[in-house]
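**Student:** Here you go, model.cif (mmCIF, C-alpha atoms):
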data_model
#
loop_
_atom_site.label_atom_id
_atom_site.label_comp_id
_atom_site.auth_asym_id
_atom_site.auth_seq_id
_atom_site.Cartn_x
_atom_site.Cartn_y
_atom_site.Cartn_z
CA MET Y 1 -37.84 56.66 -34.18
CA PRO Y 2 -35.34 56.87 -37.08
CA GLY Y 3 -32.52 56.22 -34.60
CA THR Y 4 -34.35 53.20 -33.23
CA MET Y 5 -35.02 51.77 -36.70
CA SER Y 6 -31.34 52.13 -37.64
CA LEU Y 7 -30.30 49.96 -34.64
CA ILE Y 8 -32.46 46.97 -35.63
CA PRO Y 9 -30.39 45.85 -38.65
CA THR Y 10 -27.19 46.25 -36.62
CA TRP Y 11 -28.34 43.90 -33.83
CA ALA Y 12 -29.80 41.49 -36.36
CA CYS Y 13 -26.48 41.31 -38.20
CA LEU Y 14 -24.58 40.78 -34.93
CA LEU Y 15 -26.86 37.92 -33.87
CA LEU Y 16 -26.60 36.36 -37.30
CA TRP Y 17 -22.79 36.57 -37.16
CA VAL Y 18 -22.68 34.93 -33.68
CA SER Y 19 -25.03 32.19 -34.84
CA THR Y 20 -23.01 31.55 -37.98
CA ALA Y 21 -19.72 31.53 -36.06
CA THR Y 22 -21.12 29.04 -33.56
CA GLN Y 23 -22.33 26.72 -36.30
CA ASP Y 24 -19.07 26.92 -38.25
CA LYS Y 25 -16.85 26.32 -35.23
CA THR Y 26 -14.76 23.18 -35.72
CA PRO Y 27 -15.55 20.61 -33.03
CA GLU Y 28 -12.64 19.59 -30.79
CA VAL Y 29 -11.98 16.23 -29.18
CA ALA Y 30 -9.26 15.51 -26.60
CA VAL Y 31 -7.64 12.08 -26.81
CA LYS Y 32 -5.15 10.61 -24.32
CA CYS Y 33 -2.89 7.70 -25.26
CA PHE Y 34 -0.22 5.77 -23.42
CA ILE Y 35 3.22 5.66 -24.98
CA SER Y 36 3.95 2.65 -27.24
CA GLU Y 37 0.24 1.86 -27.47
CA ASP Y 38 -2.15 2.51 -30.38
CA CYS Y 39 -4.04 5.80 -30.60
CA VAL Y 40 -7.42 6.36 -32.24
CA LEU Y 41 -8.12 9.87 -33.59
CA PRO Y 42 -11.87 10.02 -34.33
CA CYS Y 43 -13.41 11.82 -37.33
CA SER Y 44 -17.04 11.28 -38.39
CA PHE Y 45 -18.80 13.03 -41.28
CA GLN Y 46 -21.86 12.89 -43.50
CA SER Y 47 -21.05 10.22 -46.08
CA GLY Y 48 -21.40 10.96 -49.79
CA ALA Y 49 -19.28 9.85 -52.72
CA GLY Y 50 -15.72 10.41 -53.91
CA GLU Y 51 -14.40 11.28 -50.47
CA THR Y 52 -10.96 12.74 -49.96
CA VAL Y 53 -9.61 12.48 -46.41
CA GLU Y 54 -6.78 14.66 -45.15
CA TRP Y 55 -5.18 14.73 -41.72
CA PHE Y 56 -3.05 17.71 -40.71
CA LYS Y 57 -0.83 18.27 -37.71
CA GLN Y 58 -0.21 21.95 -36.96
CA ASP Y 59 -1.30 22.64 -40.60
CA LYS Y 60 1.26 20.17 -42.01
CA LEU Y 61 -0.26 17.40 -44.16
CA MET Y 62 0.44 14.07 -42.46
CA TYR Y 63 -1.99 11.68 -44.17
CA LYS Y 64 -4.17 11.75 -47.31
CA PHE Y 65 -6.52 9.21 -48.82
CA GLU Y 66 -8.62 9.48 -52.01
CA GLN Y 67 -11.54 7.12 -52.29
CA LYS Y 68 -11.72 7.22 -56.11
CA THR Y 69 -8.08 6.38 -56.83
CA GLN Y 70 -7.32 4.57 -53.53
CA GLU Y 71 -4.15 6.62 -53.38
CA ARG Y 72 -2.49 7.46 -50.09
CA PHE Y 73 0.09 9.91 -48.84
CA ILE Y 74 1.76 9.30 -45.48
CA HIS Y 75 4.28 11.68 -43.94
CA GLN Y 76 7.61 10.14 -43.02
CA GLN Y 77 6.93 10.69 -39.33
CA LEU Y 78 3.87 8.42 -39.55
CA ALA Y 79 5.22 5.95 -42.12
CA GLY Y 80 4.14 2.39 -41.36
CA ARG Y 81 2.07 3.50 -38.35
CA ALA Y 82 -0.92 5.50 -39.66
CA SER Y 83 -3.98 4.13 -41.45
CA VAL Y 84 -7.57 4.97 -42.39
CA SER Y 85 -9.99 2.19 -43.36
CA PRO Y 86 -11.42 2.66 -46.91
CA GLN Y 87 -14.53 0.66 -45.94
CA GLN Y 88 -15.12 2.94 -42.96
CA VAL Y 89 -14.61 6.09 -45.08
CA SER Y 90 -17.47 5.10 -47.35
CA GLN Y 91 -19.64 4.88 -44.25
CA GLY Y 92 -18.70 8.34 -42.98
CA ASN Y 93 -15.81 7.38 -40.69
CA ALA Y 94 -12.36 8.84 -41.37
CA THR Y 95 -10.82 7.81 -38.04
CA LEU Y 96 -7.02 7.73 -38.06
CA VAL Y 97 -5.37 4.82 -36.24
CA LEU Y 98 -1.84 5.59 -35.07
CA LYS Y 99 0.19 2.58 -33.92
CA THR Y 100 2.97 2.50 -31.28
CA SER Y 101 2.62 6.12 -30.32
CA SER Y 102 5.53 8.19 -29.06
CA LEU Y 103 5.91 11.60 -27.43
CA LYS Y 104 6.61 13.09 -30.88
CA ASP Y 105 3.01 12.34 -31.84
CA ARG Y 106 1.62 14.84 -29.34
CA GLY Y 107 -0.13 17.88 -30.73
CA THR Y 108 -3.24 19.19 -32.47
CA TYR Y 109 -4.57 17.27 -35.47
CA ARG Y 110 -7.22 18.40 -37.96
CA CYS Y 111 -9.36 16.08 -40.04
CA HIS Y 112 -10.63 17.52 -43.36
CA VAL Y 113 -13.02 15.57 -45.59
CA ASN Y 114 -14.30 16.57 -49.06
CA SER Y 115 -17.15 14.60 -50.64
CA SER Y 116 -20.26 15.01 -52.75
CA ALA Y 117 -22.08 15.84 -49.49
CA GLY Y 118 -19.80 18.81 -48.82
CA HIS Y 119 -16.80 19.26 -46.55
CA HIS Y 120 -16.19 18.51 -42.92
CA ASP Y 121 -13.53 19.56 -40.40
CA ALA Y 122 -12.76 18.18 -36.94
CA THR Y 123 -9.95 18.89 -34.51
CA VAL Y 124 -8.31 16.27 -32.28
CA ILE Y 125 -5.92 17.25 -29.46
CA LEU Y 126 -3.66 14.26 -28.85
CA ARG Y 127 -1.92 13.85 -25.51
CA VAL Y 128 0.59 11.03 -25.11
CA GLU Y 129 1.62 9.99 -21.60
CA ALA Y 130 3.85 7.40 -19.97
CA PRO Y 131 2.04 6.51 -16.73
CA ILE Y 132 3.65 5.36 -13.52
CA ARG Y 133 4.03 1.58 -13.60
CA GLY Y 134 5.74 1.12 -10.25
CA LEU Y 135 7.08 3.11 -7.32
CA PHE Y 136 10.24 1.96 -5.53
CA LEU Y 137 11.07 3.06 -1.98
CA GLU Y 138 14.14 1.92 -0.08
CA MET Y 139 16.59 3.06 2.58
CA SER Y 140 20.11 3.98 1.53
CA ARG Y 141 23.34 4.66 3.46
CA LEU Y 142 25.54 5.53 0.47
CA SER Y 143 25.57 9.25 1.34
CA GLY Y 144 27.14 8.65 4.75
CA PHE Y 145 23.80 8.86 6.56
CA GLU Y 146 20.49 7.06 6.42
CA GLU Y 147 18.07 8.41 3.84
CA MET Y 148 14.87 7.29 2.15
CA LYS Y 149 15.07 6.99 -1.63
CA CYS Y 150 11.89 7.11 -3.76
CA ILE Y 151 12.17 6.38 -7.51
CA VAL Y 152 9.94 6.09 -10.60
CA GLN Y 153 11.25 5.42 -14.09
CA ASP Y 154 10.13 6.02 -17.69
CA VAL Y 155 7.27 8.43 -16.96
CA PHE Y 156 5.86 11.46 -18.77
CA PRO Y 157 5.06 14.08 -17.74
CA ALA Y 158 7.13 14.20 -14.55
CA PRO Y 159 4.95 13.66 -11.44
CA ARG Y 160 4.75 15.84 -8.34
CA VAL Y 161 6.53 14.33 -5.32
CA THR Y 162 5.40 14.77 -1.70
CA TRP Y 163 6.64 13.22 1.55
CA GLU Y 164 4.79 12.40 4.77
CA THR Y 165 5.36 10.41 7.94
CA GLU Y 166 3.09 8.38 10.17
CA PRO Y 167 2.61 9.49 12.82
CA PRO Y 168 2.93 13.07 11.49
CA THR Y 169 5.83 15.21 12.67
CA LEU Y 170 6.18 18.95 13.11
CA GLU Y 171 9.57 19.05 11.41
CA ALA Y 172 9.76 20.53 7.91
CA PHE Y 173 10.78 18.10 5.18
CA LYS Y 174 13.74 19.00 3.00
CA PRO Y 175 13.83 16.36 0.27
CA PHE Y 176 16.20 16.51 -2.68
CA THR Y 177 14.40 15.62 -5.94
CA ARG Y 178 16.10 15.13 -9.28
CA MET Y 179 14.33 14.65 -12.63
CA THR Y 180 16.28 13.49 -15.69
CA ALA Y 181 14.96 12.77 -19.20
CA ASP Y 182 16.33 10.20 -21.63
CA LYS Y 183 16.48 10.36 -25.44
CA ARG Y 184 12.82 9.41 -25.70
CA GLY Y 185 11.83 12.26 -23.41
CA LEU Y 186 10.83 9.94 -20.56
CA TYR Y 187 11.69 10.97 -17.01
CA THR Y 188 13.35 9.20 -14.14
CA VAL Y 189 12.39 10.86 -10.85
CA ASP Y 190 14.68 10.32 -7.85
CA SER Y 191 13.60 11.92 -4.57
CA ARG Y 192 15.57 11.51 -1.32
CA LEU Y 193 14.75 12.42 2.26
CA LYS Y 194 17.14 12.19 5.20
CA LYS Y 195 15.83 10.08 8.06
CA MET Y 196 15.00 11.95 11.26
CA GLU Y 197 17.26 11.28 14.20
CA GLY Y 198 15.85 9.87 17.40
CA LYS Y 199 12.65 8.60 15.74
CA PRO Y 200 13.34 5.04 14.61
CA ASP Y 201 9.70 3.90 14.47
CA LEU Y 202 8.48 6.47 11.92
CA ILE Y 203 6.82 5.31 8.72
CA TYR Y 204 8.11 7.30 5.73
CA ILE Y 205 5.53 7.80 2.96
CA CYS Y 206 6.42 8.87 -0.59
CA LYS Y 207 3.61 9.96 -2.93
CA MET Y 208 3.84 10.75 -6.66
CA THR Y 209 0.91 12.47 -8.39
CA PRO Y 210 0.57 12.82 -12.20
CA PRO Y 211 0.01 16.47 -13.17
CA TYR Y 212 -2.76 15.69 -15.70
CA GLY Y 213 -4.82 13.50 -13.42
CA GLY Y 214 -4.88 9.76 -12.99
CA PRO Y 215 -4.15 7.63 -9.94
CA ALA Y 216 -1.52 8.78 -7.48
CA TRP Y 217 1.03 6.19 -6.42
CA THR Y 218 2.06 5.83 -2.79
CA SER Y 219 4.74 3.75 -1.11
CA SER Y 220 5.84 3.64 2.53
CA LEU Y 221 8.57 1.89 4.47
CA ARG Y 222 9.55 1.08 8.05
CA GLU Y 223 12.64 -0.84 9.18
CA ARG Y 224 13.45 -2.28 12.59
CA GLU Y 225 15.78 -4.71 14.35
CA ILE Y 226 14.38 -7.49 16.54
CA LYS Y 227 16.26 -9.73 18.96
CA GLY Y 228 14.84 -13.04 20.12
CA SER Y 229 15.92 -16.10 22.04
CA GLU Y 230 16.44 -19.44 20.41
CA GLY Y 231 13.57 -21.82 21.06
CA LYS Y 232 11.20 -19.12 22.34
CA ASP Y 233 8.21 -17.97 20.26
CA LEU Y 234 8.66 -14.51 18.70
CA THR Y 235 6.10 -12.07 17.27
CA LEU Y 236 7.16 -10.31 14.05
CA PRO Y 237 5.18 -7.03 13.84
CA CYS Y 238 3.58 -5.64 10.67
CA SER Y 239 0.96 -2.86 10.65
CA ALA Y 240 -0.68 -1.21 7.65
CA PRO Y 241 -0.86 2.62 7.54
CA ILE Y 242 -4.29 4.24 7.57
CA TYR Y 243 -4.08 5.30 3.89
CA LEU Y 244 -4.34 1.66 2.73
CA ASN Y 245 -7.83 0.25 2.25
CA LYS Y 246 -8.32 -3.54 2.29
CA PRO Y 247 -4.78 -4.43 1.22
CA SER Y 248 -3.41 -7.88 0.45
CA LEU Y 249 -0.45 -9.18 2.43
CA GLN Y 250 2.74 -11.07 1.67
CA TRP Y 251 5.55 -12.27 3.95
CA THR Y 252 9.01 -13.26 2.69
CA PHE Y 253 12.23 -14.43 4.35
CA SER Y 254 15.73 -13.63 3.09
CA SER Y 255 19.07 -15.04 4.17
CA SER Y 256 22.44 -15.33 2.40
CA ASN Y 257 21.14 -13.49 -0.68
CA GLU Y 258 18.26 -15.96 -1.05
CA SER Y 259 14.62 -15.05 -0.68
CA THR Y 260 11.70 -17.39 -0.05
CA GLN Y 261 8.00 -16.70 0.29
CA ILE Y 262 6.43 -17.50 3.64
CA LEU Y 263 2.73 -16.75 3.20
CA THR Y 264 0.20 -14.71 1.25
CA TYR Y 265 -3.17 -13.23 2.18
CA ASN Y 266 -5.76 -12.20 -0.42
CA SER Y 267 -8.05 -9.41 0.77
CA GLN Y 268 -10.68 -10.23 -1.86
CA SER Y 269 -11.13 -13.89 -0.92
CA GLY Y 270 -10.08 -13.51 2.72
CA ARG Y 271 -7.88 -16.58 2.40
CA SER Y 272 -4.33 -17.10 3.62
CA ILE Y 273 -1.84 -19.59 2.18
CA THR Y 274 1.30 -20.60 4.09
CA LEU Y 275 3.97 -22.21 1.94
CA SER Y 276 6.21 -25.14 2.77
CA PRO Y 277 8.22 -25.53 4.99
CA TRP Y 278 6.71 -22.75 7.11
CA GLU Y 279 3.33 -24.37 7.86
CA GLU Y 280 4.33 -25.61 11.32
CA GLN Y 281 6.42 -22.60 12.28
CA VAL Y 282 4.48 -19.47 11.28
CA GLU Y 283 1.01 -18.44 12.42
CA LEU Y 284 -1.11 -15.53 11.09
CA ASP Y 285 -4.31 -14.27 12.73
CA ILE Y 286 -6.57 -13.64 9.72
CA TYR Y 287 -9.09 -11.79 11.89
CA ASN Y 288 -6.49 -9.15 12.78
CA VAL Y 289 -5.50 -8.63 9.15
CA HIS Y 290 -8.91 -7.06 8.52
CA PHE Y 291 -7.86 -4.32 10.98
CA GLY Y 292 -4.44 -3.75 9.40
CA ASP Y 293 -2.43 -6.04 11.68
CA GLY Y 294 -0.44 -8.53 9.64
CA SER Y 295 1.90 -9.64 12.43
CA VAL Y 296 2.96 -13.29 12.48
CA ARG Y 297 4.07 -15.58 15.28
CA LEU Y 298 7.35 -17.43 14.73
CA MET Y 299 7.25 -20.60 16.81
CA ASN Y 300 10.26 -22.44 18.26
CA PRO Y 301 12.83 -20.57 16.15
CA HIS Y 302 16.27 -22.00 15.46
CA ARG Y 303 19.23 -19.64 15.73
CA SER Y 304 21.05 -20.57 12.52
CA ARG Y 305 18.02 -21.48 10.42
CA ASN Y 306 15.63 -18.63 11.24
CA ALA Y 307 17.91 -15.61 11.65
CA GLY Y 308 17.67 -13.15 8.75
CA GLY Y 309 15.33 -10.62 7.15
CA TYR Y 310 11.56 -10.93 7.43
CA THR Y 311 9.66 -8.60 5.09
CA CYS Y 312 5.93 -7.97 5.01
CA VAL Y 313 4.25 -6.04 2.20
CA PHE Y 314 0.70 -4.66 2.30
CA SER Y 315 -0.42 -3.77 -1.23
CA THR Y 316 -3.30 -2.33 -3.26
CA PRO Y 317 -3.29 -1.56 -7.03
CA TYR Y 318 -1.49 1.80 -6.62
CA SER Y 319 -0.08 1.70 -3.10
CA SER Y 320 2.18 -0.47 -0.97
CA HIS Y 321 3.61 -0.51 2.53
CA THR Y 322 6.75 -2.47 3.42
CA GLU Y 323 8.15 -3.40 6.82
CA ARG Y 324 11.57 -5.00 7.04
CA ASN Y 325 12.49 -6.80 10.25
CA LYS Y 326 16.12 -7.83 10.78
CA VAL Y 327 15.89 -10.70 13.25
CA THR Y 328 18.71 -12.21 15.31
CA PHE Y 329 18.58 -14.87 18.01
CA SER Y 330 20.72 -15.31 21.10
CA ALA Y 331 21.90 -18.87 21.70
CA VAL Y 332 21.04 -20.69 24.93
CA THR Y 333 24.40 -21.58 26.53
CA ALA Y 334 25.13 -24.52 28.85
CA GLY Y 335 25.35 -22.12 31.78
CA GLN Y 336 21.98 -20.64 30.87
CA GLU Y 337 20.51 -24.13 30.59
CA GLY Y 338 21.93 -25.01 34.06
CA SER Y 339 20.60 -21.75 35.44
CA GLU Y 340 17.18 -22.44 33.96
CA LYS Y 341 17.25 -25.97 35.42
CA ASP Y 342 18.35 -24.61 38.81
CA THR Y 343 15.59 -22.02 38.65
CA SER Y 344 13.10 -24.72 37.81
CA PHE Y 345 14.40 -26.91 40.70
CA TRP Y 346 14.23 -24.11 43.25
CA TRP Y 347 10.77 -23.17 42.04
CA ILE Y 348 9.55 -26.72 42.60
CA PHE Y 349 11.37 -26.88 45.95
CA GLY Y 350 9.80 -23.62 47.05
CA LEU Y 351 6.35 -24.86 46.08
CA VAL Y 352 6.77 -28.08 48.03
CA ALA Y 353 8.18 -26.21 51.03
CA GLY Y 354 5.27 -23.81 50.95
CA LEU Y 355 2.74 -26.63 50.87
CA LEU Y 356 4.56 -28.42 53.74
CA LEU Y 357 4.58 -25.24 55.81
CA LEU Y 358 0.89 -24.78 55.16
CA VAL Y 359 0.17 -28.35 56.29
CA LEU Y 360 2.27 -27.95 59.44
CA THR Y 361 0.59 -24.65 60.28
CA GLY Y 362 -2.81 -26.26 59.94
CA LEU Y 363 -1.78 -29.24 62.03
CA PHE Y 364 -0.38 -27.00 64.76
CA ALA Y 365 -3.57 -24.96 64.84
CA PHE Y 366 -5.62 -28.16 65.03
CA LEU Y 367 -3.57 -29.56 67.93
CA LYS Y 368 -3.70 -26.27 69.79
CA LEU Y 369 -7.46 -26.08 69.36
CA ARG Y 370 -7.81 -29.69 70.52
CA ALA Y 371 -5.68 -29.12 73.62
CA LYS Y 372 -7.70 -26.06 74.53
CA LYS Y 373 -10.92 -28.01 74.17
CA GLN Y 374 -9.60 -30.85 76.37
CA LYS Y 375 -8.51 -28.35 79.02
CA LEU Y 376 -11.94 -26.76 79.10
CA THR Y 377 -13.57 -30.18 79.39
CA HIS Y 378 -11.25 -31.22 82.27
CA LYS Y 379 -11.91 -27.94 84.10
CA SER Y 380 -15.66 -28.42 83.77
CA GLU Y 381 -15.39 -31.93 85.24
CA GLU Y 382 -13.35 -30.66 88.22
CA GLU Y 383 -15.89 -27.93 88.95
CA ALA Y 384 -18.75 -30.42 88.76
CA GLU Y 385 -16.97 -32.80 91.16
CA LEU Y 386 -16.20 -29.97 93.61
CA ASN Y 387 -19.80 -28.82 93.59
CA ALA Y 388 -20.94 -32.35 94.28
CA VAL Y 389 -18.60 -32.62 97.29
CA ARG Y 390 -19.80 -29.30 98.65
CA ALA Y 391 -23.39 -30.40 98.32
CA SER Y 392 -22.81 -33.64 100.28
CA SER Y 393 -20.89 -32.06 103.20
CA PRO Y 394 -22.95 -31.18 106.48
CA PRO Y 395 -23.18 -27.51 107.39
CA ALA Y 396 -20.76 -26.18 110.02
CA GLY Y 397 -21.95 -26.31 113.70
CA GLN Y 398 -24.09 -29.44 113.34
#
Take the structure in the file and write it out as structure tokens.
**Tutor:**
Amino acid sequence: MPGTMSLIPTWACLLLWVSTATQDKTPEVAVKCFISEDCVLPCSFQSGAGETVEWFKQDKLMYKFEQKTQERFIHQQLAGRASVSPQQVSQGNATLVLKTSSLKDRGTYRCHVNSSAGHHDATVILRVEAPIRGLFLEMSRLSGFEEMKCIVQDVFPAPRVTWETEPPTLEAFKPFTRMTADKRGLYTVDSRLKKMEGKPDLIYICKMTPPYGGPAWTSSLREREIKGSEGKDLTLPCSAPIYLNKPSLQWTFSSSNESTQILTYNSQSGRSITLSPWEEQVELDIYNVHFGDGSVRLMNPHRSRNAGGYTCVFSTPYSSHTERNKVTFSAVTAGQEGSEKDTSFWWIFGLVAGLLLLVLTGLFAFLKLRAKKQKLTHKSEEEAELNAVRASSPPAGQ
């Protein structure tokens, strides 16, 4: 019993210490800001009177405000960018507003408030990021061979880069990825992948994923060469990969370093707009766009006017797919025109000859059938006449 009684105060003290430690633990809040934008570091407390607000970063005093004297201290690093509202402090709000944030502002901040109501502490973990604003994918031949080049600029932290193809291949990818930081600490990520030989129709897909969460950006590209004949309708293919969901569509035409927009399709409204002067020459099947087919029909193309680059882009907020079609047209020569006319003439001649032969065959069959019928009729008359003569002749021996 004495041993048991001596254990009770020990456990009671331990529970009391755990309870006190839990109550005294400084609350933590995680805040994420985008670079060059304003950050809000929250700090709420029980209002009293004569408040003194202090903000520390890694135990270094960065900002101080005294309600009684209205005096402020601002560290040089935050000069002209940090503020606490005196009106809000009197209402129990010591939130620190930090304008035009930079990567140097990252870290752990502590809010300490003294007032007639007591003291209060709060911890804010500030994370500053530069998100991906755009992903650029193009084909390059500067290295002596064809390679896909995927680039993002001014990002932090550096994203993770992955490559895929559609349809998938069994070959292992060996991309070369380089990450360089500028004076601000922002990264430019340049990833390159050599194109696979003997597979010209592959779609190359580059994906960049932020390490701390957020939307992943994806871009894909396919290039092809198309040959058509002047004056003959031509289909320009464009198919969306399966990773895109309800994308919008845009077609452009480029020639002699000039680019013009052909048409746009909005997936939200389901409407397509064809711009001048392409209204009478380009046709899009809106029904097929719902199934990822954005191909257009180029009608009666002209060799000098319509040869060039036709680019279609399927896009969603964080993904895009581009198909570039280099289109050339073969001219119809005088010899080809004569050949086509001769072909047309012989086709008509053959049709007429066939019809004439059919008519003659029918006529011959008709005449043959008629002659056979007349012969049968004449034979029947001769037999009837012979029978009549036989019937009228007296029997032999009379």
**Student:** I want to know what sits within 8 Å of segment 220-227 of chain Y, based on only C-alpha atoms, with residues of the same chain fewer than 3 positions away left out; could you give that as a PyMOL selection string?
**Tutor:** chain Y and resi 137-138+200-206+320-330
**Student:** Report as a list of chain:residue names the full result of the PyMOL selection byres ((chain Y and resi 241) around 8) when it is applied to this structure.
**Tutor:**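 Applying the PyMOL selection byres ((chain Y and resi 241) around 8) to the structure shown produces Y:Glu166, Y:Ser239, Y:Ala240, Y:Ile242, Y:Tyr243, Y:Leu244, Y:Gly292, Y:His321.
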**Student:** Show which residues sit within 8 Å of segment 95-107 of chain Y, as a ChimeraX atom specification. Count all atoms listed in the file, and ignore same-chain residues fewer than 3 positions away.
**Tutor:** /Y:33-44,57-58,78,81-85,125-129,184-185
**Student:** Identify all residues satisfying the PyMOL selection byres ((chain Y and resi 308) around 8) in the given file; provide them as a list in words.
**Tutor:** Phe253, Ser254, Ser255, Asn306, Ala307, Gly309, Tyr310, Lys326, Val327 and Thr328 of chain Y
**Student:** Kindly indicate which residue among Y:Gln153, Y:Asn93, Y:Gln88, Y:Thr252 lies nearest to Gly134 of chain Y, using all atoms listed in the file for the distances.
**Tutor:** Y:Gln153
**Student:** Which residue gives the smallest distance to Thr188 of chain Y among Y:Trp251, Y:Phe364, Y:Phe156, Y:Tyr287, with only C-alpha atoms counted?
**Tutor:**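 Ranked by minimum distance to Thr188 of chain Y, first place goes to Y:Phe156.
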**Student:** Taking only C-alpha atoms into account, name the residue in Y:Leu356, Y:Ala331, Y:Val282, Y:Ala365 that is nearest to Ser304 of chain Y.
**Tutor:**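 For Ser304 of chain Y, the nearest of the given residues is Y:Ala331.
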**Student:** Could you expand the PyMOL selection byres ((chain Y and resi 209) around 6) into the explicit residues it covers here, written as a VMD selection string?
**Tutor:** chain Y and resid 159 to 160 208 210 216
**Student:** Do you have the atom CA of Gly118 of chain Y-atom CA of Pro86 of chain Y distance handy?
**Tutor:**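 For atom CA of Gly118 of chain Y relative to atom CA of Pro86 of chain Y, the distance reads 18.3 Å.
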**Student:** One number please: atom CA of Lys195 of chain Y to atom CA of Phe145 of chain Y, in Å, one decimal.
**Tutor:**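 Separating atom CA of Lys195 of chain Y from atom CA of Phe145 of chain Y is a distance of 8.2 Å.
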**Student:** Using all atoms listed in the file, give me every residue within 12 Å of (4.4, 15.9, -43.5) in file coordinates, as a PDB file with C-alpha atoms, in the frame of the given file.
**Tutor:**
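Generated file (result-v1.pdb):
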ATOM      1  CA  GLU Y  54      -6.780  14.660 -45.150  1.00  0.00           C
ATOM      2  CA  TRP Y  55      -5.180  14.730 -41.720  1.00  0.00           C
ATOM      3  CA  PHE Y  56      -3.050  17.710 -40.710  1.00  0.00           C
ATOM      4  CA  LYS Y  57      -0.830  18.270 -37.710  1.00  0.00           C
ATOM      5  CA  GLN Y  58      -0.210  21.950 -36.960  1.00  0.00           C
ATOM      6  CA  ASP Y  59      -1.300  22.640 -40.600  1.00  0.00           C
ATOM      7  CA  LYS Y  60       1.260  20.170 -42.010  1.00  0.00           C
ATOM      8  CA  LEU Y  61      -0.260  17.400 -44.160  1.00  0.00           C
ATOM      9  CA  MET Y  62       0.440  14.070 -42.460  1.00  0.00           C
ATOM     10  CA  TYR Y  63      -1.990  11.680 -44.170  1.00  0.00           C
ATOM     11  CA  LYS Y  64      -4.170  11.750 -47.310  1.00  0.00           C
ATOM     12  CA  PHE Y  73       0.090   9.910 -48.840  1.00  0.00           C
ATOM     13  CA  ILE Y  74       1.760   9.300 -45.480  1.00  0.00           C
ATOM     14  CA  HIS Y  75       4.280  11.680 -43.940  1.00  0.00           C
ATOM     15  CA  GLN Y  76       7.610  10.140 -43.020  1.00  0.00           C
ATOM     16  CA  GLN Y  77       6.930  10.690 -39.330  1.00  0.00           C
ATOM     17  CA  LEU Y  78       3.870   8.420 -39.550  1.00  0.00           C
ATOM     18  CA  ALA Y  79       5.220   5.950 -42.120  1.00  0.00           C
TER      19      ALA Y  79
END
**Student:** What gap, in Å, lies between atom CA of Ile286 of chain Y and atom CA of Tyr265 of chain Y?
**Tutor:**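 Here the two named atoms are 8.3 Å from each other.
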**Student:** So which residues fall inside 9 Å of (7.4, -22.6, 19.5) if we count only C-alpha atoms? Mind giving them as an MDAnalysis selection string?
**Tutor:** chainID Y and resid 231:234 281 297:301
**Student:** Between Y:Pro237, Y:Pro131, Y:Gly228, Y:Gly80, which has the minimum distance to Tyr187 of chain Y (counting only C-alpha atoms)?
**Tutor:** Y:Pro131
